[in-house]
Amino acid sequence: MQPLNRELLACRWRFSPPRLQMLQSELVDWQKHYLPPKLDLKGKTVLDVGAGEGETAFFFLRNGAAQVTCVEVNQVLAGRLRYNAVRHPELKVIEEPFSLNHLALKHDFLKVDVEGYEETLLTAAKELVAPAVVEVHGLQLVDRFEAAGWRIVNPHKTSHGRSQTHCNRYAYWMC
């Protein structure tokens, strides 16, 4: 596989320097946590809530998704996301806060990373019809997701199985 910067240039993606730096360090983490085992995105539609500049959309497309619908409330990030969408018609951009109404949009997989606003999903978990992964922020919220039936993964365990003090976890539904 070619170096990431060359790959991005070749397929006409553009990210701000901080996002590009983050992308390079998080691709390995996303491969482990945003693609649960046995989940094949080939030809699927992903609903990407908290899409940033499109870095996770790039990741999902790179892993076989046919379309990514991106929900992003931050105007600066959404502006860069729209820039990338012009060059990638497989991206659809929705610039507004996440609401449960977005779950009615066609999707085969849901990814949510909305820095504390993921609690909204707790009221709709039983209605979710597609696999989902949510980055949950805050240990009390992690407990509530687990009580609602989500499978929780702590990516911050040491090699000895002890948990570090990070307070975010991944919650999985139907995967």
# chains A, B, ... in the order shown; residues from 1 in each chain; ligands from 1
>>> residues_around(residues="A:Leu105", least_positions_apart="5", cutoff="10 Å", atoms="only C-alpha atoms", output="list of chain:residue names")
A:Thr45, A:Val46, A:Leu47, A:Thr69, A:Leu100
>>> write_last_selection(atoms="C-alpha atoms", output="compact mmCIF listing (two decimals), in the first residue's frame")
# COMPACT_ATOMS: atom_id res chain seq x y z
CA THR A 45 -23.92 2.66 2.95
CA VAL A 46 -22.46 4.07 6.17
CA LEU A 47 -24.13 6.75 8.28
CA THR A 69 -23.72 9.91 4.58
CA LEU A 100 -32.85 10.42 15.94
>>> residues_around(residues="stretch 115-124 of chain A", least_positions_apart="6", cutoff="12 Å", atoms="only C-alpha atoms", output="ChimeraX atom specification")
/A:49-52,72-73,97-104,132-150,167-173
>>> closest_residue(among="A:Asn154, A:Gln24, A:Thr56, A:Asn74", to="A:Ile94", atoms="only C-alpha atoms")
A:Asn74
>>> select_by_dssp(residues="stretch 1-125 of chain A", states="strand (DSSP E)", output="PyMOL selection string")
chain A and resi 45-49+67-71+91-94+109-112
>>> write_last_selection(atoms="N, CA and C atoms", output="compact mmCIF listing (two decimals), in the first residue's frame")
# COMPACT_ATOMS: atom_id res chain seq x y z
N THR A 45 -23.80 1.25 2.62
CA THR A 45 -23.92 2.66 2.95
C THR A 45 -23.68 2.84 4.44
N VAL A 46 -22.79 3.77 4.78
CA VAL A 46 -22.46 4.07 6.17
C VAL A 46 -23.06 5.41 6.54
N LEU A 47 -23.69 5.48 7.70
CA LEU A 47 -24.13 6.75 8.28
C LEU A 47 -23.07 7.13 9.29
N ASP A 48 -22.33 8.19 8.99
CA ASP A 48 -21.17 8.62 9.77
C ASP A 48 -21.53 9.88 10.54
N VAL A 49 -21.91 9.71 11.81
CA VAL A 49 -22.33 10.84 12.64
C VAL A 49 -21.13 11.33 13.43
N GLN A 67 -21.11 4.20 -0.26
CA GLN A 67 -21.59 5.55 0.03
C GLN A 67 -21.46 5.82 1.52
N VAL A 68 -21.17 7.08 1.85
CA VAL A 68 -21.12 7.51 3.25
C VAL A 68 -21.94 8.78 3.38
N THR A 69 -22.93 8.73 4.25
CA THR A 69 -23.72 9.91 4.58
C THR A 69 -23.13 10.48 5.86
N CYS A 70 -22.63 11.71 5.78
CA CYS A 70 -21.90 12.34 6.87
C CYS A 70 -22.76 13.39 7.56
N VAL A 71 -22.88 13.28 8.87
CA VAL A 71 -23.58 14.28 9.67
C VAL A 71 -22.52 15.00 10.51
N LEU A 91 -20.03 10.75 -1.23
CA LEU A 91 -20.27 11.39 0.07
C LEU A 91 -21.51 12.27 -0.01
N LYS A 92 -22.32 12.17 1.01
CA LYS A 92 -23.46 13.08 1.17
C LYS A 92 -23.23 13.80 2.49
N VAL A 93 -23.36 15.12 2.51
CA VAL A 93 -23.08 15.92 3.70
C VAL A 93 -24.37 16.51 4.26
N ILE A 94 -24.59 16.29 5.55
CA ILE A 94 -25.71 16.89 6.27
C ILE A 94 -25.09 17.73 7.38
N PHE A 109 -24.73 0.51 8.11
CA PHE A 109 -23.84 0.56 9.27
C PHE A 109 -23.84 1.98 9.80
N LEU A 110 -23.83 2.11 11.13
CA LEU A 110 -23.87 3.41 11.79
C LEU A 110 -22.62 3.58 12.64
N LYS A 111 -21.93 4.70 12.46
CA LYS A 111 -20.79 5.07 13.32
C LYS A 111 -21.13 6.41 13.95
N VAL A 112 -20.98 6.49 15.29
CA VAL A 112 -21.28 7.74 15.99
C VAL A 112 -20.10 8.10 16.88
>>> select_by_dssp(residues="stretch 1-172 of chain A", states="alpha helix (DSSP H)", output="PyMOL selection string")
chain A and resi 4-10+17-33+55-62+75-87+139-147
>>> write_last_selection(atoms="C-alpha atoms", output="PDB file, in the first residue's frame")
ATOM      1  CA  LEU A   4      -1.020   7.812   3.098  1.00  0.00           C
ATOM      2  CA  ASN A   5      -0.082  11.304   1.850  1.00  0.00           C
ATOM      3  CA  ARG A   6       0.432   9.984  -1.673  1.00  0.00           C
ATOM      4  CA  GLU A   7      -2.811   7.997  -1.479  1.00  0.00           C
ATOM      5  CA  LEU A   8      -4.748  11.096  -0.382  1.00  0.00           C
ATOM      6  CA  LEU A   9      -3.275  13.172  -3.205  1.00  0.00           C
ATOM      7  CA  ALA A  10      -3.974  10.461  -5.765  1.00  0.00           C
ATOM      8  CA  PRO A  17      -2.870  19.569   9.045  1.00  0.00           C
ATOM      9  CA  PRO A  18      -4.239  18.584  12.493  1.00  0.00           C
ATOM     10  CA  ARG A  19      -6.792  16.204  10.936  1.00  0.00           C
ATOM     11  CA  LEU A  20      -4.182  14.735   8.602  1.00  0.00           C
ATOM     12  CA  GLN A  21      -1.889  14.061  11.547  1.00  0.00           C
ATOM     13  CA  MET A  22      -4.799  12.514  13.470  1.00  0.00           C
ATOM     14  CA  LEU A  23      -5.776  10.395  10.464  1.00  0.00           C
ATOM     15  CA  GLN A  24      -2.324   8.900  10.182  1.00  0.00           C
ATOM     16  CA  SER A  25      -2.325   7.886  13.846  1.00  0.00           C
ATOM     17  CA  GLU A  26      -5.950   6.712  14.080  1.00  0.00           C
ATOM     18  CA  LEU A  27      -6.277   4.512  10.978  1.00  0.00           C
ATOM     19  CA  VAL A  28      -4.931   1.523  12.913  1.00  0.00           C
ATOM     20  CA  ASP A  29      -7.302   2.168  15.837  1.00  0.00           C
ATOM     21  CA  TRP A  30     -10.281   2.562  13.495  1.00  0.00           C
ATOM     22  CA  GLN A  31      -9.387  -0.685  11.726  1.00  0.00           C
ATOM     23  CA  LYS A  32      -9.686  -2.442  15.097  1.00  0.00           C
ATOM     24  CA  HIS A  33     -12.700  -0.619  16.507  1.00  0.00           C
ATOM     25  CA  GLU A  55     -11.500  11.412   7.625  1.00  0.00           C
ATOM     26  CA  THR A  56     -13.718   8.547   8.824  1.00  0.00           C
ATOM     27  CA  ALA A  57     -15.645   8.695   5.524  1.00  0.00           C
ATOM     28  CA  PHE A  58     -12.300   8.256   3.761  1.00  0.00           C
ATOM     29  CA  PHE A  59     -11.611   5.284   6.048  1.00  0.00           C
ATOM     30  CA  PHE A  60     -14.993   3.640   5.332  1.00  0.00           C
ATOM     31  CA  LEU A  61     -14.704   4.151   1.564  1.00  0.00           C
ATOM     32  CA  ARG A  62     -11.161   2.805   1.675  1.00  0.00           C
ATOM     33  CA  GLN A  75     -19.399  24.607  10.315  1.00  0.00           C
ATOM     34  CA  VAL A  76     -15.628  24.716   9.835  1.00  0.00           C
ATOM     35  CA  LEU A  77     -15.329  20.934   9.713  1.00  0.00           C
ATOM     36  CA  ALA A  78     -18.417  20.623   7.519  1.00  0.00           C
ATOM     37  CA  GLY A  79     -16.906  23.161   5.097  1.00  0.00           C
ATOM     38  CA  ARG A  80     -13.877  20.931   4.599  1.00  0.00           C
ATOM     39  CA  LEU A  81     -16.161  17.926   4.377  1.00  0.00           C
ATOM     40  CA  ARG A  82     -18.158  19.634   1.588  1.00  0.00           C
ATOM     41  CA  TYR A  83     -14.856  20.365  -0.196  1.00  0.00           C
ATOM     42  CA  ASN A  84     -14.057  16.632  -0.124  1.00  0.00           C
ATOM     43  CA  ALA A  85     -17.616  15.730  -1.170  1.00  0.00           C
ATOM     44  CA  VAL A  86     -17.290  17.798  -4.349  1.00  0.00           C
ATOM     45  CA  ARG A  87     -14.475  15.467  -5.413  1.00  0.00           C
ATOM     46  CA  LEU A 139     -17.800   6.203  32.332  1.00  0.00           C
ATOM     47  CA  GLN A 140     -21.363   6.755  33.631  1.00  0.00           C
ATOM     48  CA  LEU A 141     -22.594   6.836  30.059  1.00  0.00           C
ATOM     49  CA  VAL A 142     -20.640   3.636  29.314  1.00  0.00           C
ATOM     50  CA  ASP A 143     -22.544   1.945  32.149  1.00  0.00           C
ATOM     51  CA  ARG A 144     -25.862   3.120  30.700  1.00  0.00           C
ATOM     52  CA  PHE A 145     -24.987   1.781  27.233  1.00  0.00           C
ATOM     53  CA  GLU A 146     -24.015  -1.558  28.741  1.00  0.00           C
ATOM     54  CA  ALA A 147     -27.256  -1.710  30.743  1.00  0.00           C
TER      55      ALA A 147
END
>>> atom_distance(atom1="atom CA of A:Asp113", atom2="atom CA of A:Tyr34")
10.6 Å
>>> atom_distance(atom1="atom CA of A:Gly54", atom2="atom CA of A:Trp13")
8.8 Å
>>> atom_distance(atom1="atom CA of A:Val153", atom2="atom CA of A:Lys38")
16.3 Å
